[in-house]
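> I am sharing structure16.txt, which consists of compact mmCIF, C-alpha atoms:
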```txt
# COMPACT_ATOMS: atom_id res chain seq x y z
CA MET Z 196 35.77 -105.32 6.62
CA GLY Z 197 37.25 -102.95 9.14
CA PHE Z 198 39.07 -100.77 6.61
CA THR Z 199 38.04 -98.30 3.94
CA PHE Z 200 39.30 -97.21 0.59
CA SER Z 201 38.67 -93.51 1.28
CA GLY Z 202 42.39 -92.63 1.30
CA ILE Z 203 42.82 -94.33 -2.04
CA HIS Z 204 39.92 -92.45 -3.59
CA LYS Z 205 41.25 -89.19 -2.14
CA GLU Z 206 44.61 -89.85 -3.83
CA LEU Z 207 42.88 -90.69 -7.13
CA ALA Z 208 41.11 -87.32 -6.94
CA SER Z 209 44.34 -85.43 -6.20
CA GLU Z 210 45.81 -82.92 -8.63
CA ARG Z 211 49.05 -84.93 -8.83
CA PHE Z 212 47.23 -88.11 -9.86
CA ASN Z 213 45.02 -86.24 -12.34
CA ARG Z 214 48.14 -84.81 -14.04
CA LEU Z 215 49.62 -88.32 -14.25
CA TYR Z 216 46.38 -89.67 -15.71
CA GLU Z 217 46.34 -86.89 -18.31
CA GLU Z 218 49.90 -87.81 -19.32
CA LEU Z 219 48.80 -91.42 -19.73
CA ARG Z 220 45.85 -90.30 -21.86
CA ILE Z 221 48.24 -88.37 -24.11
CA GLU Z 222 50.50 -91.42 -24.33
CA SER Z 223 47.76 -93.86 -25.31
CA SER Z 224 44.62 -93.36 -27.36
CA LEU Z 225 43.16 -96.36 -25.50
CA LEU Z 226 42.22 -93.93 -22.73
CA ASP Z 227 40.50 -91.38 -25.01
CA SER Z 228 37.01 -92.49 -23.96
CA PHE Z 229 37.81 -92.17 -20.26
CA PRO Z 230 38.14 -88.55 -19.14
CA SER Z 231 39.07 -89.53 -15.58
CA SER Z 232 40.53 -92.43 -13.68
CA SER Z 233 37.17 -92.90 -11.96
CA SER Z 234 35.45 -93.31 -15.34
CA LEU Z 235 38.08 -95.89 -16.26
CA ILE Z 236 37.59 -97.78 -12.99
CA SER Z 237 33.82 -97.72 -13.57
CA PHE Z 238 34.40 -99.19 -17.04
CA PHE Z 239 36.35 -102.08 -15.50
CA HIS Z 240 33.85 -102.62 -12.68
CA ASP Z 241 30.81 -102.64 -14.99
CA SER Z 242 29.97 -106.34 -15.09
CA GLY Z 243 27.66 -105.79 -18.05
CA ASN Z 244 30.54 -104.47 -20.13
CA LYS Z 245 31.93 -107.28 -22.25
CA GLU Z 246 34.71 -105.34 -24.00
CA TYR Z 247 37.36 -107.74 -22.72
CA GLY Z 248 39.85 -107.00 -25.48
CA LEU Z 249 39.80 -103.29 -24.69
CA LYS Z 250 40.04 -103.98 -20.95
CA ASP Z 251 43.04 -106.26 -21.56
CA SER Z 252 44.76 -103.68 -23.77
CA ILE Z 253 44.23 -100.83 -21.31
CA LEU Z 254 45.28 -102.84 -18.27
CA TYR Z 255 48.35 -104.18 -20.03
CA PHE Z 256 49.30 -100.63 -21.06
CA LEU Z 257 48.90 -99.36 -17.48
CA ILE Z 258 50.92 -102.26 -16.05
CA THR Z 259 53.68 -101.60 -18.57
CA ALA Z 260 53.70 -97.92 -17.58
CA TYR Z 261 53.74 -98.81 -13.86
CA ARG Z 262 56.71 -101.10 -14.39
CA ARG Z 263 58.68 -98.25 -15.92
CA GLY Z 264 58.69 -96.74 -12.44
CA ASP Z 265 59.50 -93.07 -11.94
CA LYS Z 266 56.27 -91.03 -11.89
CA TYR Z 267 54.27 -94.05 -13.03
CA GLY Z 268 54.87 -95.65 -9.64
CA HIS Z 269 52.08 -93.31 -8.53
CA LEU Z 270 49.60 -95.64 -10.25
CA THR Z 271 49.54 -97.65 -7.01
CA PRO Z 272 46.18 -96.27 -5.78
CA PHE Z 273 44.67 -96.88 -9.21
CA PHE Z 274 45.52 -100.58 -9.12
CA THR Z 275 44.27 -100.87 -5.55
CA ALA Z 276 40.95 -99.23 -6.51
CA LEU Z 277 40.70 -101.26 -9.69
CA PHE Z 278 41.08 -104.54 -7.81
CA THR Z 279 38.88 -103.71 -4.79
CA ASN Z 280 36.44 -106.48 -5.72
CA ALA Z 281 39.25 -109.03 -5.87
CA ILE Z 282 40.70 -107.76 -2.59
CA ALA Z 283 37.28 -108.05 -0.91
CA SER Z 284 36.78 -111.53 -2.35
CA VAL Z 285 40.11 -112.90 -1.15
CA TYR Z 286 39.56 -111.24 2.22
CA ARG Z 287 36.20 -113.00 2.69
CA MET Z 288 37.66 -116.34 1.65
CA SER Z 289 40.70 -115.87 3.86
CA LYS Z 290 38.46 -115.10 6.85
CA LYS Z 291 36.80 -118.48 6.27
CA ILE Z 292 40.21 -120.13 6.41
CA ASN Z 293 41.30 -118.15 9.45
CA ASN Z 294 38.74 -115.96 11.23
CA LYS Z 295 41.38 -114.58 13.59
CA LEU Z 296 43.21 -112.58 10.92
CA ASP Z 297 44.06 -109.02 11.89
CA ASP Z 298 41.97 -107.02 9.42
CA GLU Z 299 44.27 -104.01 9.02
CA GLU Z 300 47.48 -106.02 8.77
CA PHE Z 301 45.97 -108.59 6.44
CA PHE Z 302 44.53 -105.88 4.18
CA GLN Z 303 47.96 -104.27 3.94
CA ASP Z 304 49.55 -107.64 3.16
CA VAL Z 305 47.01 -108.28 0.39
CA CYS Z 306 47.59 -104.82 -1.13
CA VAL Z 307 51.35 -105.37 -1.06
CA MET Z 308 50.90 -108.77 -2.74
CA LEU Z 309 48.67 -107.21 -5.39
CA LEU Z 310 51.20 -104.50 -6.19
CA GLN Z 311 54.06 -107.01 -6.28
CA ILE Z 312 52.10 -109.13 -8.74
CA VAL Z 313 51.39 -106.10 -10.93
CA LYS Z 314 55.02 -104.95 -10.70
CA ALA Z 315 56.90 -108.18 -11.21
CA SER Z 316 54.81 -111.16 -12.33
CA LYS Z 317 54.91 -112.42 -15.86
CA ILE Z 318 51.70 -111.16 -17.42
CA ILE Z 319 50.65 -111.71 -21.00
CA PRO Z 320 48.26 -109.29 -22.76
CA HIS Z 321 45.30 -111.71 -22.70
CA LYS Z 322 42.97 -112.10 -19.70
CA VAL Z 323 45.19 -109.68 -17.79
CA ALA Z 324 42.91 -109.09 -14.79
CA LEU Z 325 42.25 -112.81 -14.42
CA GLN Z 326 45.97 -113.56 -14.28
CA ILE Z 327 46.39 -111.01 -11.52
CA THR Z 328 43.35 -112.05 -9.48
CA ASN Z 329 44.17 -115.75 -9.71
CA GLN Z 330 47.70 -115.17 -8.49
CA LEU Z 331 46.40 -112.88 -5.73
CA LYS Z 332 43.95 -115.57 -4.59
CA ASN Z 333 46.66 -118.21 -4.48
CA GLU Z 334 49.11 -116.04 -2.57
CA THR Z 335 46.47 -114.74 -0.16
CA TRP Z 336 45.11 -118.18 0.65
CA SER Z 337 48.65 -119.42 1.22
CA LEU Z 338 49.23 -116.53 3.62
CA ALA Z 339 45.95 -117.18 5.48
CA ASN Z 340 46.81 -120.87 5.82
CA GLU Z 341 50.34 -120.06 6.98
CA ILE Z 342 49.02 -117.65 9.62
CA SER Z 343 46.43 -120.19 10.77
CA LEU Z 344 49.09 -122.93 11.11
CA ASN Z 345 51.71 -120.69 12.70
CA PRO Z 346 49.97 -117.72 14.39
CA VAL Z 347 53.12 -116.47 16.14
CA SER Z 348 54.93 -115.74 12.86
CA LYS Z 349 52.59 -112.83 12.10
```
Show the structure stored in the file as structure tokens.


Amino acid sequence: MGFTFSGIHKELASERFNRLYEELRIESSLLDSFPSSSSLISFFHDSGNKEYGLKDSILYFLITAYRRGDKYGHLTPFFTALFTNAIASVYRMSKKINNKLDDEEFFQDVCVMLLQIVKASKIIPHKVALQITNQLKNETWSLANEISLNPVSK
């Protein structure tokens, strides 16, 4: 991929984001075991970790907070970092559908889709990440097919 997540990780390390994360930790005991957002992301990315119920509860809590808006809208880089594996996966699959996709533009489109799904899609508190990634795959593949069929629209 021709893009990096360095700006996202820089934002996650910022003082502003750390204050927000601390407020979330105060609000929910679910985050007690995770002293930083990076430790929480590592928990989600650890494929050997089978604590699906805890992952669902935490992710559902964070989505609910994000949907309240205001300062919680600053969770955007967290969700982008959390779903990097899904973003990379849909990118690879989309390149198979249409290898002429503009990397930067397509990456931005996928991130916007991800955040719209998190913000507005109906999500139940069971298999939360799977609901999001499945919807992201469907929407991304539709976009890649649309671009491949009508390259002038993008």

> Rank nothing, just name the residue among Z:Pro272, Z:Gln330, Z:Lys322, Z:Tyr261 nearest to Leu249 (chain Z), using all atoms listed in the file.

Z:Lys322

> If you measure from CA of Val305 (chain Z) to CA of Ser231 (chain Z), what distance in Å do you get, rounded to one decimal?

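Result for CA of Val305 (chain Z) versus CA of Ser231 (chain Z): 25.9 Å, one decimal.
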
> CA of Ile319 (chain Z) and CA of Tyr247 (chain Z) are how many Å apart?

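Interatomic distance here is 14.0 Å.
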
> Name the residues in contact with Leu277 (chain Z) at a cut-off of 6 Å, using all atoms listed in the file, excluding same-chain residues fewer than 3 positions from it; report them as an NGL selection string.

:Z and (236 or 273-274)

> As an exercise, work out the distance from CA of Ser233 (chain Z) to CA of His269 (chain Z) in Å and give it to one decimal place.

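Calculated distance between CA of Ser233 (chain Z) and CA of His269 (chain Z) is 15.3 Å.
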
> Rank nothing, just name the residue among Z:Ser201, Z:Asn333, Z:Asn294, Z:Ser242 nearest to Met308 (chain Z), using only C-alpha atoms.

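Between Z:Ser201, Z:Asn333, Z:Asn294, Z:Ser242, the residue approaching Met308 (chain Z) most closely is Z:Asn333.
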
> At a cut-off of 12 Å, using only C-alpha atoms, what residues contact Arg211 (chain Z)? Leave out same-chain residues fewer than 6 positions from it and give the result as a list in words.

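Selected residues are Lys205, Glu217, Glu218, Lys266, Tyr267, His269 and Leu270 of chain Z.
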
> For each of Z:Arg220, Z:His204, Z:Lys291, Z:Lys245, take the minimum atom-to-atom distance to Ala276 (chain Z), counting all atoms listed in the file, then give the residue where this is smallest.

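For Ala276 (chain Z), the nearest of the candidates is Z:His204.
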
> Which one of Z:Asp265, Z:Asn340, Z:Ile253, Z:Tyr286 sits closest to Glu299 (chain Z) if you count only C-alpha atoms?

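That would be Z:Tyr286, the residue with the smallest distance to Glu299 (chain Z).
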
> Around the point (47.1, -114.6, -4.0) in the file's coordinates, collect all residues with an atom within 12 Å, using only C-alpha atoms, and return them as a PDB file with C-alpha atoms, keeping the file's coordinate frame.


```pdb
ATOM      1  CA  ALA Z 281      39.250-109.030  -5.870  1.00  0.00           C
ATOM      2  CA  ILE Z 282      40.700-107.760  -2.590  1.00  0.00           C
ATOM      3  CA  SER Z 284      36.780-111.530  -2.350  1.00  0.00           C
ATOM      4  CA  VAL Z 285      40.110-112.900  -1.150  1.00  0.00           C
ATOM      5  CA  TYR Z 286      39.560-111.240   2.220  1.00  0.00           C
ATOM      6  CA  MET Z 288      37.660-116.340   1.650  1.00  0.00           C
ATOM      7  CA  SER Z 289      40.700-115.870   3.860  1.00  0.00           C
ATOM      8  CA  ASP Z 304      49.550-107.640   3.160  1.00  0.00           C
ATOM      9  CA  VAL Z 305      47.010-108.280   0.390  1.00  0.00           C
ATOM     10  CA  CYS Z 306      47.590-104.820  -1.130  1.00  0.00           C
ATOM     11  CA  VAL Z 307      51.350-105.370  -1.060  1.00  0.00           C
ATOM     12  CA  MET Z 308      50.900-108.770  -2.740  1.00  0.00           C
ATOM     13  CA  LEU Z 309      48.670-107.210  -5.390  1.00  0.00           C
ATOM     14  CA  LEU Z 310      51.200-104.500  -6.190  1.00  0.00           C
ATOM     15  CA  GLN Z 311      54.060-107.010  -6.280  1.00  0.00           C
ATOM     16  CA  ILE Z 312      52.100-109.130  -8.740  1.00  0.00           C
ATOM     17  CA  VAL Z 313      51.390-106.100 -10.930  1.00  0.00           C
ATOM     18  CA  SER Z 316      54.810-111.160 -12.330  1.00  0.00           C
ATOM     19  CA  LEU Z 325      42.250-112.810 -14.420  1.00  0.00           C
ATOM     20  CA  GLN Z 326      45.970-113.560 -14.280  1.00  0.00           C
ATOM     21  CA  ILE Z 327      46.390-111.010 -11.520  1.00  0.00           C
ATOM     22  CA  THR Z 328      43.350-112.050  -9.480  1.00  0.00           C
ATOM     23  CA  ASN Z 329      44.170-115.750  -9.710  1.00  0.00           C
ATOM     24  CA  GLN Z 330      47.700-115.170  -8.490  1.00  0.00           C
ATOM     25  CA  LEU Z 331      46.400-112.880  -5.730  1.00  0.00           C
ATOM     26  CA  LYS Z 332      43.950-115.570  -4.590  1.00  0.00           C
ATOM     27  CA  ASN Z 333      46.660-118.210  -4.480  1.00  0.00           C
ATOM     28  CA  GLU Z 334      49.110-116.040  -2.570  1.00  0.00           C
ATOM     29  CA  THR Z 335      46.470-114.740  -0.160  1.00  0.00           C
ATOM     30  CA  TRP Z 336      45.110-118.180   0.650  1.00  0.00           C
ATOM     31  CA  SER Z 337      48.650-119.420   1.220  1.00  0.00           C
ATOM     32  CA  LEU Z 338      49.230-116.530   3.620  1.00  0.00           C
ATOM     33  CA  ALA Z 339      45.950-117.180   5.480  1.00  0.00           C
ATOM     34  CA  ASN Z 340      46.810-120.870   5.820  1.00  0.00           C
TER      35      ASN Z 340
END
```

> Name the closest residue to Ala324 (chain Z) among the candidates Z:Gln303, Z:Ser209, Z:Asn280, Z:Ser237; distances are taken between atoms, counting all atoms listed in the file.

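Of Z:Gln303, Z:Ser209, Z:Asn280, Z:Ser237, the one nearest Ala324 (chain Z), counting all atoms listed in the file, is Z:Asn280.
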
> With only C-alpha atoms as the atoms that count, which of Z:Asn293, Z:Phe256, Z:Glu210, Z:Leu219 lies nearest to Asn345 (chain Z)?

Z:Asn293

> Please complete region 258-269 of chain Z so it has N, CA and C atoms, and hand it over as a compact mmCIF listing (two decimals), in the coordinates of the input.


```
# COMPACT_ATOMS: atom_id res chain seq x y z
N ILE Z 258 49.92 -101.44 -16.75
CA ILE Z 258 50.92 -102.26 -16.05
C ILE Z 258 52.30 -101.98 -16.62
N THR Z 259 52.40 -101.90 -17.93
CA THR Z 259 53.68 -101.60 -18.57
C THR Z 259 54.20 -100.23 -18.13
N ALA Z 260 53.31 -99.25 -18.05
CA ALA Z 260 53.70 -97.92 -17.58
C ALA Z 260 54.16 -97.98 -16.12
N TYR Z 261 53.41 -98.68 -15.29
CA TYR Z 261 53.74 -98.81 -13.86
C TYR Z 261 55.11 -99.43 -13.68
N ARG Z 262 55.42 -100.40 -14.50
CA ARG Z 262 56.71 -101.10 -14.39
C ARG Z 262 57.89 -100.22 -14.82
N ARG Z 263 57.61 -99.17 -15.56
CA ARG Z 263 58.68 -98.25 -15.92
C ARG Z 263 59.14 -97.46 -14.71
N GLY Z 264 58.32 -97.43 -13.67
CA GLY Z 264 58.69 -96.74 -12.44
C GLY Z 264 58.58 -95.24 -12.59
N ASP Z 265 59.48 -94.53 -11.91
CA ASP Z 265 59.50 -93.07 -11.94
C ASP Z 265 58.12 -92.56 -11.53
N LYS Z 266 57.57 -91.61 -12.24
CA LYS Z 266 56.27 -91.03 -11.89
C LYS Z 266 55.14 -92.05 -12.00
N TYR Z 267 55.33 -93.06 -12.83
CA TYR Z 267 54.27 -94.05 -13.03
C TYR Z 267 54.10 -94.97 -11.82
N GLY Z 268 55.04 -94.92 -10.91
CA GLY Z 268 54.87 -95.65 -9.64
C GLY Z 268 53.69 -95.12 -8.86
N HIS Z 269 53.23 -93.91 -9.21
CA HIS Z 269 52.08 -93.31 -8.53
C HIS Z 269 50.75 -93.90 -9.01
```
